[in-house]
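Engineer: The structure that follows is given in the form of structure tokens.
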Amino acid sequence: MTEYGRGPGSEPWHPEDPLYGDGGWGGQQDQQDRQPPYGGQPQRYPEQPSQQQYGDWNDGGQSAYGQEQQYQQYGQQHEQPYDQSYGGQQYGAEGQHQQYGAEGQRGQHQQQYGAEGQQGRHQQQYDGGDWGTGGHPQAPYAADPSDPYAQQAAGYGAEQPDLYGTPDAYPPPEPPGRRRKEPEPPQTDWDPGPDQGEHAFFAGGGEDGTADGTGEGRGRGDRRGRGGKGRKRRNGLACLVVCLVLGGGVAGVGYFGYQFYQERFGEAPDFAGDGNGEQVTITVPKGAGGYQIGQLLKDAGVVKSVDAFVAAQQGNPQGKSLQDGVYTLEKEMSAKSAVELMLSPKSRDNLVIAEGKRNADIYQLIDKRLQVKAGTTAQVARDEWKNLGLPDWALNHKDVKDPLEGFLYPSSYGVAKGQKPEDVLKEMVARATEKYEELGVEKKAGELGLDGPWQLITVASLVQAEGTSHDDFRKMAEVVYNRLKPGNTETNGMLQFDSTYNYIKNQSETDLTLKELRTYDNPYNTYYYKGLPPGPIGNPGEEALKGALDPTHDGWYYFVSTDGKTSKFTKTNADHQKLVDEWKASRND
């Protein structure tokens with residue numbers, strides 16, 4: 001294929017072809033010489049050296065090309081529009097085969113295309129890669145690797161690809177003389193100029209919109225000067241926007257970098273001193289760790305940061321011993337001062353429930369701490385006891401004076417003004433239930449011959465009330481279990497504990513007469529009724545509970561305390577009476 005035409009290029013004619021000996025396409029070459037693409041070198045065969053570049057047109061040896069013929073070839077030819085197709089390629093204004101030459105003259109072989117558009121006697125055609133004469137195809141020549149567009153002939157009978165024959169293909173190239181500049185896009189008011197969209201600020205142009213400030217545009221002529229002042233204002237605004245964006249980015253990076261450094265390597269913010277004198281009350285819940293306590297203190301304004309408090313707690317040898325409860329502190333304290341004050345008894349303001357305390361006394365303590373009217377908590381207990389979290393096995397027992405008795409677990413509670421009584425009671429019941437589950441009272445009750453965990457808590461309350469020390473609890477528990485045994489001849493099933501009579505009377509007397517004890521009819525009076533009272537008579541602590549769960553097995557039935565600090569235990573009533581006489585003698589002295 002030639003560079004500026006649509007023909008397949010020069011081909012050596014087959015001897016059987018009717019046009020054998022013709023000068024080829026447009027007379028550009030003879031049988032011996034093959035014309036290469038435009039600008040290339042002629043291709044010669046060794047056995048037929050070429051004497052001239054262009055063959056003769058006629059027998060008279062007239063030169064095929066003169067100035068006029070060359071003008072016609074590269075001028076007149078390309079003034080005609082292309083009409084390209086394979087299988088009979090056509091050139092000319094009216095689709096006819098154009099002849100080359102000044103007068104369309106014929107030589108020994110008639111030229112295929114002429115200036116007047118006459119058709120030659122023979123038309124060169126491709127038909128499936130073979131010559132239309134039906135000749136046998138010859139072996140193809142190897143394609144020239146230096147020919148990127150495969151312009152040279154592929155050989156006899158070879159089908160050549162049409163690189164421009166599809167609808168989506170690019171049009172064929174034109175010769176240099178016919179090439180026209182690409183149309184320029186319309187200039188608009190916002191056109192940034194010759195830098196093709198890049199702002200002139202970055203292109204380095206002058207104030208007049210040109211590249212060097214001379215007023216001469218690059219390929220746009222005098223249109224470059226239009227709108228120069230507007231572009232100057234836009235350039236300044238763009239520069240300002242760029243500066244603001246860059247400045248904001250630098251500031252943002254610096255801020256986050258500072259925050260990252262402070263969090264990783266800087267010291268935590270902290271106040272200085274022991275506070276500003278303004279007191280606040282902080283309630284630390286059970287199980288709270290350093291970070292949770294620090295957050296509570298920060299929210300109340302006591303410390304400046306959680307990290308400062310945690311660091312101070314970890315730096316104090318006793319910091320891990322901080323407990324739940326109510327603390328009275330001051331605002332704006334250093335973390336170190338806050339930790340030291342919380343470890344001191346001066347800051348503690350918890351409600352402490354002692355072991356064995358009865359519910360009636362606990363209700364009064366809660367009223368005072370909450371600064372509410374006396375009897376408020378007791379009334380809530382009577383009205384809401386089913387909604388305070390008691391386990392199922394603690395509900396609906398007959399003749400129980402207070403269903404919450406035994407479930408206000410002895411411990412330290414953070415109770416402060418502003419809290420509701422029901423919230424305080426719920427916390428105490430939850431603490432007791434948790435402890436009972438931990439000790440396994442439901443499982444152990446049956447092993448001890450009791451009807452359930454409710455009776456086990458009742459035994460523990462009796463042990464707590466009658467024992468004088470922790471050493472007494474296991475022996476005291478055995479006394480209870482031995483007296484409850486059916487058929488025992490020592491007490492005949494009677495417990496006869498003064499503590500049960502005092503509970504129902506809401507007193508703590510020691511000088512009680514037998515007549516008084518044995519004549520008072522009440523289910524809680526163990527001098528009057530056999531077996532256990534209807535329910536607990538106080539709130540047993542952990543040691544009393546453990547004593548009730550693991551009693552001794554020494555055969556104890558009786559006990560007496562001669563000094564109020566220790567108890568003496570005996571197995572027979574005779575031995576017990578001797579201890580009673582000794583106690584009476586000591587009181588008369």
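As shown in the structure tokens, the chain order sets the letters A, B, ...; within each chain, residues go from 1, and ligands are also counted from 1 in the order they appear.
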Which residues, written as a VMD selection string, have at least one atom at most 12 Å from A:Asp423, with only C-alpha atoms counted and residues fewer than 2 positions away on the same chain left out?
Structural biologist: chain A and resid 366 370 377 380 to 381 384 to 385 387 to 389 413 to 416 418 to 421 425 to 430
Engineer: What parts of stretch 262-410 of chain A does DSSP call strand (DSSP E)? I'd like the answer as a VMD selection string.
Structural biologist: chain A and resid 279 to 284 325 to 330 351 to 352
Engineer: Neighbouring residues of A:Thr500 were defined as those with any atom within 8 Å, considering only C-alpha atoms; residues of the same chain fewer than 6 positions away were excluded. Please report them as a list in words.
Structural biologist: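 Listing them by chain and then by number gives Leu462, Tyr524, Asn525, Thr526, Pro533 and Ile537 of chain A.
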Engineer: Just the selected residues (N, CA and C atoms), exported as a compact mmCIF listing (two decimals), in the first residue's frame, please.
Structural biologist:
```txt
# COMPACT_ATOMS: atom_id res chain seq x y z
N LEU A 462 -29.20 -17.05 113.43
CA LEU A 462 -29.15 -17.45 114.83
C LEU A 462 -27.70 -17.59 115.32
N TYR A 524 -41.93 -16.47 116.55
CA TYR A 524 -40.48 -16.25 116.63
C TYR A 524 -39.92 -16.63 117.99
N ASN A 525 -40.79 -16.87 118.98
CA ASN A 525 -40.32 -17.21 120.33
C ASN A 525 -40.02 -18.70 120.37
N THR A 526 -38.71 -19.03 120.33
CA THR A 526 -38.29 -20.44 120.32
C THR A 526 -38.43 -21.08 121.69
N PRO A 533 -37.47 -20.35 113.88
CA PRO A 533 -38.46 -19.28 113.70
C PRO A 533 -38.87 -19.19 112.24
N ILE A 537 -33.49 -13.68 111.81
CA ILE A 537 -33.68 -12.66 112.83
C ILE A 537 -32.61 -11.56 112.71
```
Engineer: From the options A:Thr513, A:Gln323, A:Ser508, A:Gln314, which residue's atoms come nearest to A:Asn350, counting only C-alpha atoms?
Structural biologist: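 Among the listed residues, the smallest separation from A:Asn350 belongs to A:Gln323.
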Engineer: How far is it from atom CA of A:Leu545 to atom CA of A:Pro453, in Å with one decimal?
Structural biologist: 11.3 Å
Engineer: Between atom CA of A:Gly487 and atom CA of A:Arg474, measure the distance and give it in Å to one decimal.
Structural biologist: 22.6 Å
Engineer: Quick one: of A:Arg431, A:Lys505, A:Arg369, A:Lys565, who's nearest to A:Glu466, counting only C-alpha atoms?
Structural biologist: A:Lys565
Engineer: If I take atom CA of A:Ser347 and atom CA of A:Glu332, how far is one from the other in Å, to one decimal?
Structural biologist: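 If I compute the distance from atom CA of A:Ser347 to atom CA of A:Glu332, I get 15.7 Å.
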